[in-house]
file upload_5.pdb (PDB, C-alpha atoms)
ATOM      1  CA  MET A   1     117.484 123.409  80.260
ATOM      2  CA  ASN A   2     116.696 123.553  83.972
ATOM      3  CA  MET A   3     118.711 120.986  85.894
ATOM      4  CA  ASP A   4     117.223 121.738  89.315
ATOM      5  CA  SER A   5     115.412 118.798  90.885
ATOM      6  CA  ASP A   6     112.245 119.152  92.925
ATOM      7  CA  LEU A   7     114.245 118.292  96.030
ATOM      8  CA  GLN A   8     116.769 121.063  95.301
ATOM      9  CA  ILE A   9     113.960 123.564  94.791
ATOM     10  CA  ALA A  10     111.689 122.560  97.696
ATOM     11  CA  GLY A  11     114.241 121.097 100.058
ATOM     12  CA  ASP A  12     113.382 118.145 102.279
ATOM     13  CA  LEU A  13     109.590 117.726 102.137
ATOM     14  CA  MET A  14     109.591 116.447 105.716
ATOM     15  CA  GLU A  15     110.927 119.835 106.726
ATOM     16  CA  VAL A  16     108.095 121.630 104.940
ATOM     17  CA  PRO A  17     104.935 120.238 106.586
ATOM     18  CA  HIS A  18     102.632 122.608 104.722
ATOM     19  CA  LEU A  19     103.518 120.751 101.480
ATOM     20  CA  LEU A  20     102.430 117.355 102.813
ATOM     21  CA  GLN A  21      98.913 116.056 102.248
ATOM     22  CA  PRO A  22      97.101 115.640 105.551
ATOM     23  CA  GLU A  23      96.291 112.050 106.457
ATOM     24  CA  ARG A  24      92.622 111.348 105.808
ATOM     25  CA  GLU A  25      90.451 110.134 108.640
ATOM     26  CA  HIS A  26      88.253 108.133 106.220
ATOM     27  CA  PRO A  27      88.914 106.462 102.858
ATOM     28  CA  VAL A  28      87.575 108.072  99.669
ATOM     29  CA  THR A  29      89.154 106.111  96.805
ATOM     30  CA  VAL A  30      88.736 102.472  95.778
ATOM     31  CA  ALA A  31      92.373 101.831  96.706
ATOM     32  CA  GLU A  32      91.824 103.367 100.143
ATOM     33  CA  PHE A  33      88.698 101.230 100.727
ATOM     34  CA  ALA A  34      90.667  98.106  99.748
ATOM     35  CA  GLY A  35      93.433  99.262 102.089
ATOM     36  CA  LEU A  36      90.928  99.743 104.925
ATOM     37  CA  ALA A  37      89.693  96.183 104.403
ATOM     38  CA  ARG A  38      93.284  94.834 104.446
ATOM     39  CA  GLU A  39      94.041  96.858 107.587
ATOM     40  CA  ILE A  40      91.011  95.453 109.428
ATOM     41  CA  ALA A  41      91.717  91.920 108.134
ATOM     42  CA  ALA A  42      95.299  92.060 109.404
ATOM     43  CA  ASP A  43      94.185  92.925 112.954
ATOM     44  CA  ARG A  44      92.243  89.863 114.098
ATOM     45  CA  SER A  45      91.485  91.531 117.448
ATOM     46  CA  ARG A  46      89.317  94.089 115.588
ATOM     47  CA  TRP A  47      86.962  91.523 114.079
ATOM     48  CA  ALA A  48      87.287  88.077 115.705
ATOM     49  CA  PRO A  49      85.512  88.967 118.986
ATOM     50  CA  HIS A  50      82.401  89.939 116.999
ATOM     51  CA  VAL A  51      82.043  86.732 114.964
ATOM     52  CA  GLU A  52      79.010  84.543 115.577
ATOM     53  CA  TYR A  53      77.565  81.665 113.572
ATOM     54  CA  ASP A  54      73.915  81.036 112.785
ATOM     55  CA  ALA A  55      72.807  77.686 111.352
ATOM     56  CA  THR A  56      69.637  79.168 109.822
ATOM     57  CA  THR A  57      70.982  82.224 107.988
ATOM     58  CA  ARG A  58      74.171  84.089 107.213
ATOM     59  CA  TRP A  59      75.146  86.131 110.256
ATOM     60  CA  TYR A  60      76.271  89.741 109.843
ATOM     61  CA  HIS A  61      77.452  92.604 112.023
ATOM     62  CA  ARG A  62      78.130  96.208 111.008
ATOM     63  CA  LEU A  63      81.691  96.739 112.189
ATOM     64  CA  ARG A  64      82.212 100.357 111.184
ATOM     65  CA  THR A  65      80.619 103.274 109.368
ATOM     66  CA  GLY A  66      82.014 106.484 107.997
ATOM     67  CA  PRO A  67      80.899 109.243 105.698
ATOM     68  CA  GLY A  68      79.448 107.389 102.724
ATOM     69  CA  TYR A  69      80.596 103.848 103.573
ATOM     70  CA  GLU A  70      79.907 100.830 105.783
ATOM     71  CA  VAL A  71      82.051  97.874 106.853
ATOM     72  CA  TRP A  72      80.247  94.579 107.493
ATOM     73  CA  LEU A  73      81.496  91.350 109.031
ATOM     74  CA  LEU A  74      79.730  88.175 107.807
ATOM     75  CA  SER A  75      79.936  84.532 108.789
ATOM     76  CA  TRP A  76      78.898  81.588 106.651
ATOM     77  CA  VAL A  77      78.415  78.026 107.855
ATOM     78  CA  PRO A  78      78.790  75.247 105.271
ATOM     79  CA  GLY A  79      76.121  75.458 102.575
ATOM     80  CA  GLN A  80      75.076  79.052 103.215
ATOM     81  CA  GLY A  81      75.043  81.447 100.283
ATOM     82  CA  SER A  82      73.961  84.896  99.217
ATOM     83  CA  GLY A  83      71.820  83.991  96.222
ATOM     84  CA  LEU A  84      72.492  85.700  92.900
ATOM     85  CA  HIS A  85      72.416  89.452  93.523
ATOM     86  CA  ASP A  86      73.927  92.859  92.881
ATOM     87  CA  HIS A  87      74.505  95.759  95.276
ATOM     88  CA  GLY A  88      72.394  98.460  93.660
ATOM     89  CA  ARG A  89      74.314 101.719  93.423
ATOM     90  CA  SER A  90      77.047 100.590  95.820
ATOM     91  CA  SER A  91      80.583  99.567  94.931
ATOM     92  CA  GLY A  92      82.351  97.189  97.238
ATOM     93  CA  VAL A  93      85.342  95.285  98.479
ATOM     94  CA  LEU A  94      84.862  91.689  99.652
ATOM     95  CA  THR A  95      87.760  90.269 101.661
ATOM     96  CA  VAL A  96      87.907  86.674 102.910
ATOM     97  CA  LEU A  97      89.230  86.593 106.469
ATOM     98  CA  GLN A  98      88.963  82.900 107.312
ATOM     99  CA  GLY A  99      87.959  79.831 105.280
ATOM    100  CA  GLU A 100      87.062  79.666 101.579
ATOM    101  CA  LEU A 101      84.107  81.090  99.659
ATOM    102  CA  THR A 102      83.019  80.277  96.127
ATOM    103  CA  GLU A 103      81.966  83.171  93.878
ATOM    104  CA  ARG A 104      79.831  82.467  90.813
ATOM    105  CA  THR A 105      79.349  85.028  88.036
ATOM    106  CA  ASP A 106      78.339  84.893  84.395
ATOM    107  CA  ARG A 107      82.081  84.599  83.695
ATOM    108  CA  GLY A 108      82.661  81.495  85.769
ATOM    109  CA  VAL A 109      83.472  80.213  89.248
ATOM    110  CA  ARG A 110      86.259  81.426  91.530
ATOM    111  CA  VAL A 111      87.411  80.101  94.918
ATOM    112  CA  LEU A 112      88.198  82.951  97.304
ATOM    113  CA  ARG A 113      90.776  82.069  99.955
ATOM    114  CA  PRO A 114      91.892  84.048 103.038
ATOM    115  CA  GLY A 115      93.400  87.370 101.999
ATOM    116  CA  THR A 116      91.685  87.389  98.607
ATOM    117  CA  GLN A 117      89.847  90.613  97.778
ATOM    118  CA  ARG A 118      87.152  91.165  95.151
ATOM    119  CA  ILE A 119      86.548  94.769  94.156
ATOM    120  CA  PHE A 120      83.322  95.451  92.288
ATOM    121  CA  ALA A 121      81.370  98.318  90.754
ATOM    122  CA  PRO A 122      77.637  99.051  91.001
ATOM    123  CA  GLY A 123      75.564  96.494  89.110
ATOM    124  CA  TYR A 124      78.084  93.639  89.473
ATOM    125  CA  VAL A 125      76.041  90.424  89.675
ATOM    126  CA  HIS A 126      77.385  87.466  91.631
ATOM    127  CA  GLU A 127      76.525  84.683  94.036
ATOM    128  CA  VAL A 128      78.764  83.857  96.990
ATOM    129  CA  VAL A 129      78.520  80.461  98.721
ATOM    130  CA  ASN A 130      80.348  78.517 101.394
ATOM    131  CA  ASP A 131      80.865  75.255  99.490
ATOM    132  CA  SER A 132      83.444  74.060 102.022
ATOM    133  CA  LEU A 133      82.999  71.955 105.145
ATOM    134  CA  GLU A 134      84.315  74.699 107.456
ATOM    135  CA  PRO A 135      82.793  78.008 108.602
ATOM    136  CA  VAL A 136      83.926  81.152 106.767
ATOM    137  CA  VAL A 137      84.307  84.782 107.855
ATOM    138  CA  SER A 138      84.368  87.650 105.359
ATOM    139  CA  LEU A 139      84.592  91.429 105.465
ATOM    140  CA  HIS A 140      82.547  93.648 103.138
ATOM    141  CA  VAL A 141      83.065  97.363 102.541
ATOM    142  CA  TYR A 142      80.292  99.159 100.622
ATOM    143  CA  PHE A 143      80.510 102.705  99.290
ATOM    144  CA  PRO A 144      78.093 104.320  99.367
ATOM    145  CA  GLY A 145      76.556 102.275 102.184
ATOM    146  CA  LEU A 146      74.440  99.343 101.051
ATOM    147  CA  THR A 147      70.774 100.335 100.650
ATOM    148  CA  GLU A 148      69.586  97.575  98.318
ATOM    149  CA  MET A 149      70.551  94.102  97.191
ATOM    150  CA  PRO A 150      68.392  93.146  94.187
ATOM    151  CA  MET A 151      68.120  89.407  93.639
ATOM    152  CA  HIS A 152      68.466  87.807  90.177
ATOM    153  CA  GLU A 153      67.470  84.518  88.549
ATOM    154  CA  SER A 154      70.042  81.772  88.870
ATOM    155  CA  TYR A 155      72.704  81.181  86.224
ATOM    156  CA  GLN A 156      71.360  77.632  85.916
ATOM    157  CA  GLY A 157      68.281  79.191  84.321
ATOM    158  CA  ARG A 158      68.914  82.462  82.617
ATOM    159  CA  CYS A 159      70.267  85.585  84.271
ATOM    160  CA  ALA A 160      67.564  88.254  84.435
ATOM    161  CA  ALA A 161      70.073  91.071  84.675
ATOM    162  CA  PRO A 162      72.247  92.498  81.905
ATOM    163  CA  ALA A 163      75.922  91.641  81.996
ATOM    164  CA  ALA A 164      77.493  93.307  84.979
ATOM    165  CA  PRO A 165      80.695  95.335  85.116
ATOM    166  CA  ALA A 166      83.657  93.126  85.864
ATOM    167  CA  ALA A 167      85.079  92.902  89.337
ATOM    168  CA  ARG A 168      88.774  93.227  89.863
ATOM    169  CA  GLU A 169      90.531  90.673  91.990
ATOM    170  CA  ALA A 170      93.321  91.718  94.270
ATOM    171  CA  VAL A 171      95.156  88.935  96.036
ATOM    172  CA  THR A 172      96.971  89.924  99.165
ATOM    173  CA  ALA A 173      99.085  87.859 101.466
TER     174      ALA A 173
END
call {"tool": "encode", "arguments": {"input": "upload_5.pdb", "output": "structure tokens"}}
result
Amino acid sequence: MNMDSDLQIAGDLMEVPHLLQPEREHPVTVAEFAGLAREIAADRSRWAPHVEYDATTRWYHRLRTGPGYEVWLLSWVPGQGSGLHDHGRSSGVLTVLQGELTERTDRGVRVLRPGTQRIFAPGYVHEVVNDSLEPVVSLHVYFPGLTEMPMHESYQGRCAAPAAPAAREAVTA
């Protein structure tokens, strides 16, 4: 039986730079996209100066792009919502930066507070609304970049779309 450990064989990995994975300039995995959203959320100076509010429609600003992804900043005044929709072939990470949003799906209703992340696959159908009395700011990462947002019938009637893949919720502090 070989009792040599990897450290004994390779030595200190920090001393062998050719064995280390190079740091990526852009995210490529779901976890890295969620991490990018948390990183941007944690640095208010990166997003707060761009926020505007529009009483007639949700306001949005593309904050960043990279190979195969986009990062959008959205603001929602009380009562504004997305309507029931999916994101076509895009997956995404929704992160609440300030305020509270309500997400409605065929599985129920969820209140999304600051720091909450929703991670979803293509075809995930939901409606997001600011049901609160305060403005809300959210960050949205789409990969690949968002090219369509098909609308669906409301859940109060019947949902025109087949059941969507479940979103995963990641709550971060």
call {"tool": "closest_residue", "arguments": {"input": "upload_5.pdb", "among": "A:Gly123, A:Glu32, A:Asn130, A:Thr105", "to": "Arg89 in chain A", "atoms": "only C-alpha atoms"}}
result
A:Gly123
call {"tool": "resolve_selection", "arguments": {"input": "upload_5.pdb", "expression": "the PyMOL selection byres ((chain A and resi 53-62) around 7)", "output": "list in words"}}
result
Val51, Glu52, Leu63, Arg64, Val71, Trp72, Leu73, Leu74, Ser75, Trp76, Val77 and Gln80 of chain A
call {"tool": "resolve_selection", "arguments": {"input": "upload_5.pdb", "expression": "the PyMOL selection byres ((chain A and resi 110-118) around 12)", "output": "PyMOL selection string"}}
result
chain A and resi 30-31+33-42+91-109+119-121+124+126-132+136-142+166-173
call {"tool": "atom_distance", "arguments": {"input": "upload_5.pdb", "atom1": "CA of Leu84 in chain A", "atom2": "CA of Leu146 in chain A"}}
result
16.0 Å
call {"tool": "atom_distance", "arguments": {"input": "upload_5.pdb", "atom1": "CA of Glu70 in chain A", "atom2": "CA of Gly145 in chain A"}}
result
5.1 Å
call {"tool": "atom_distance", "arguments": {"input": "upload_5.pdb", "atom1": "CA of Ala48 in chain A", "atom2": "CA of Val28 in chain A"}}
result
25.6 Å
call {"tool": "closest_residue", "arguments": {"input": "upload_5.pdb", "among": "A:Ser154, A:Met149, A:Arg24, A:His50", "to": "His85 in chain A", "atoms": "all atoms listed in the file"}}
result
A:Met149
